[in-house]
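I have placed the structure first, in the form of structure tokens, so that the comments after it can refer back to it.
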Amino acid sequence: MGWLKLPTDQISLKLCWVLIAFAYAFSVTFRILLANYTSIAGLKESGEFINTPDGYFFAKGALDLLQFGKEQTISSPTGSLLPQLTVFLAKIVPINFETLVFFMPVFMSSLLVVPLVLIGCSIGQATIGLVAALLGSVAHGYYARSLAGYYDTDMLVVVFPMFVICFVITAILSKKKFYLALITIAVSLYQWWYPQAYSLNMAVFFSTVFYGLVFDRKNIFNYQIAFFVLLGFLGIVPTIKMLFAIFLCFLFYYRPLLVNKFFWYLFAAAFACFAATAGIDPLLSQLRQYFVRGDEVPTSSFQFYNVISTVREAEIISLWHLMNRISGHPVTFILSCLGYLLAVFAYRPLLLLLPMVGLGFFALFGGLRFTMYAVPALALGLGYVFVIISKSWRPPLLRYSAIAAMTVLALYHNYAIVKPLKPREAFGKNEILVLRHLARLTKPTDYVFSWWDYGHALRYYTNAHAFIDGNKHGGDYNLPVAFVLTEANLTAAAHLLRIVTEHDAANFTNTKKAPGYIESYMIKNKVKDPNQFFTAIADKNYPLPHKSRDVYLVTSYHMLALLGSMQLFSNIDLSTGKQKHLPFYFATNNLKNEDDAFVLDGKYRVDRKKWTVNWGNNTQKLASMIIAEYKNQRLEVKKIFMHADGFLNLVLLRNYNSAILADNQITNGAFFKLFVLEENDPRYFEPVAITPRMKIYKLKI
């Protein structure tokens, strides 16, 4: 297959860095021009500076480090590398905190161009590296998780492994021991930056070993490369690993005969350390999280609803969607795959990119977030196709013009996809003003309850402790919040808020965790059915734990779209894991008012003569219609009852131009009472802030 080998396109190191600078400038400019913000000055007040829920988690850690000495919430990620890097930059870059956080993903994620250009130069194909850098840095799957405001570890989660693989490939081709220390440093930083990187690092290690065994088994240097990869993800302090790697690198360079004599003992010791400090369990745990997708997952002896089933980024995607996210178009995707396979035959070290490609295809099973991993490898494949198509074209100007034209066309497809992306912020400007009012009332030990999507943002703005958030949202934590928001009995809802608050707070201070709140009830009352607990707490005389802190329930307009998911968590039989009844919930902003019917999103038709709901071959009677509207800063609610045996309710929220079809359980639940209807029980809840977009209540018991 000699025809697969391209004429050498080697350039000087200086020109290589010029290409890197050009590609980096392109990636940064692309993101800034498409950034969704009104103004630099408005970033702080409008809440636009973060557009991913987890971003507030890391921003809170950075803020706590900057405000050293101020009392912190129970869970603050001050030890994570992202907040520490943010603080370092905040002290040397003369811009405010919100602007820094907003633009960090733009400049950090664009570093992906560096290893791509370097890989191209290392195989003697600088043009392929440049094309891959331009395409890979802005491809849909990567751009969507690295755009302006996407302040999250994702900004470097692909950059780090690409540097690792770049150093491995360059070490193999150049045989220079200098790269050995760089490999361990890159792996260590990646593992520190993103602890879940363990599985990918392990895949790179085994790929390196495989490459050595298959293509150059007698060359001990290939196994030394694998050793330095392994050293990087051992479960020991990152700085120790990096310093040890530098020491060994000098030893390998100045005492090669001595090192070769004892190398395999050193390799065996490192592998034993790997088995003792890391092993296979973390990998199995990560895979289990994405492969277990049933309606329930076992936790303790109970069956809770699986949160992964409700996470958009973990949704299983179609092959068509995968192709568009990785390469911008099915045609360019097919060419990318073909190009990568052919490039591997021509330049064997590119085989080490296979773990990245495999993880990208894992999106078909694990969710769309994995597509970004395959982007850089397949961008190299597409660059190879462009170059091999035009390799015989003369003169060179025609050849490079053709490559440029194909690159621009591929870039346009990605641009057309990502241009309409408008990330939704957790809270709007008016809601943030309400939360800042709440912040004046709360202490770091107080609890705020809302759905887990908003937990990190609530902690950031209020400095109180969020009961659930993007990191702490297992079924056993989501259940009480979902129950509180969908339960019709406000006595039971209020009791559960106090019970889980005190239980959770006690577990933070006790080294030996007590049994769960449901288990404690079952042990005390000698009952076997966990569902009896929820019946028991509806009794107004149910004994509650001592009140040690204040509790706030935060409801907002954004949560209307999530009520259906909440009901899945609360409507479950903990003994069997089955739904107690078939829930129904649909919310939309697409409402048409026809002569004799309301039409919701073109799917559901509400007959205004018979007061029935029709969709497909289904017809259900309407129990009631509720119209809620703010007039002169006061909420006016009108209820019209239809069929006594009706199952569904139509809710029209005039101020939001929203319509909801929901079953009786949801419309009778606490969220509807407290947010939509403002029907409060003063025995349990005290209004703290009541606005059209956000309503906050303080628990009185």
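Each chain in the structure tokens gets a letter, A, B, ..., in the order shown, and its residues are numbered from 1; ligands are numbered from 1 in order too.
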Practice item. Please identify all polymer residues within 12 Å of segment 37-40 of chain A, counting only C-alpha atoms, omitting same-chain residues fewer than 2 positions from it, and present them as a VMD selection string. Key: chain A and resid 31 to 35 42 to 51 95 to 103 147 to 149 422 to 425
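Distance-wise, atom CA of Tyr305 of chain A and atom CA of Ser575 of chain A end up 11.9 Å apart.
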Exercise for review: Record the distance separating atom CA of Asn649 of chain A and atom CA of Ile690 of chain A, expressed in Å with one decimal.
Suggested key: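 Going from atom CA of Asn649 of chain A over to atom CA of Ile690 of chain A, I get 24.5 Å.
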Point to revise | Which of segment 323-512 of chain A DSSP labels strand (DSSP E), written as JSON, numbers by chain | key: {"A": [447, 448, 449, 465, 466]}
Exercise for review: Considering only C-alpha atoms, return as a PyMOL selection string whatever protein or nucleic-acid residues lie within 7 Å of Thr588 of chain A, sequence-local ones (same chain, fewer than 2 positions apart) excluded.
Suggested key: chain A and resi 586+590+600-601+658-660
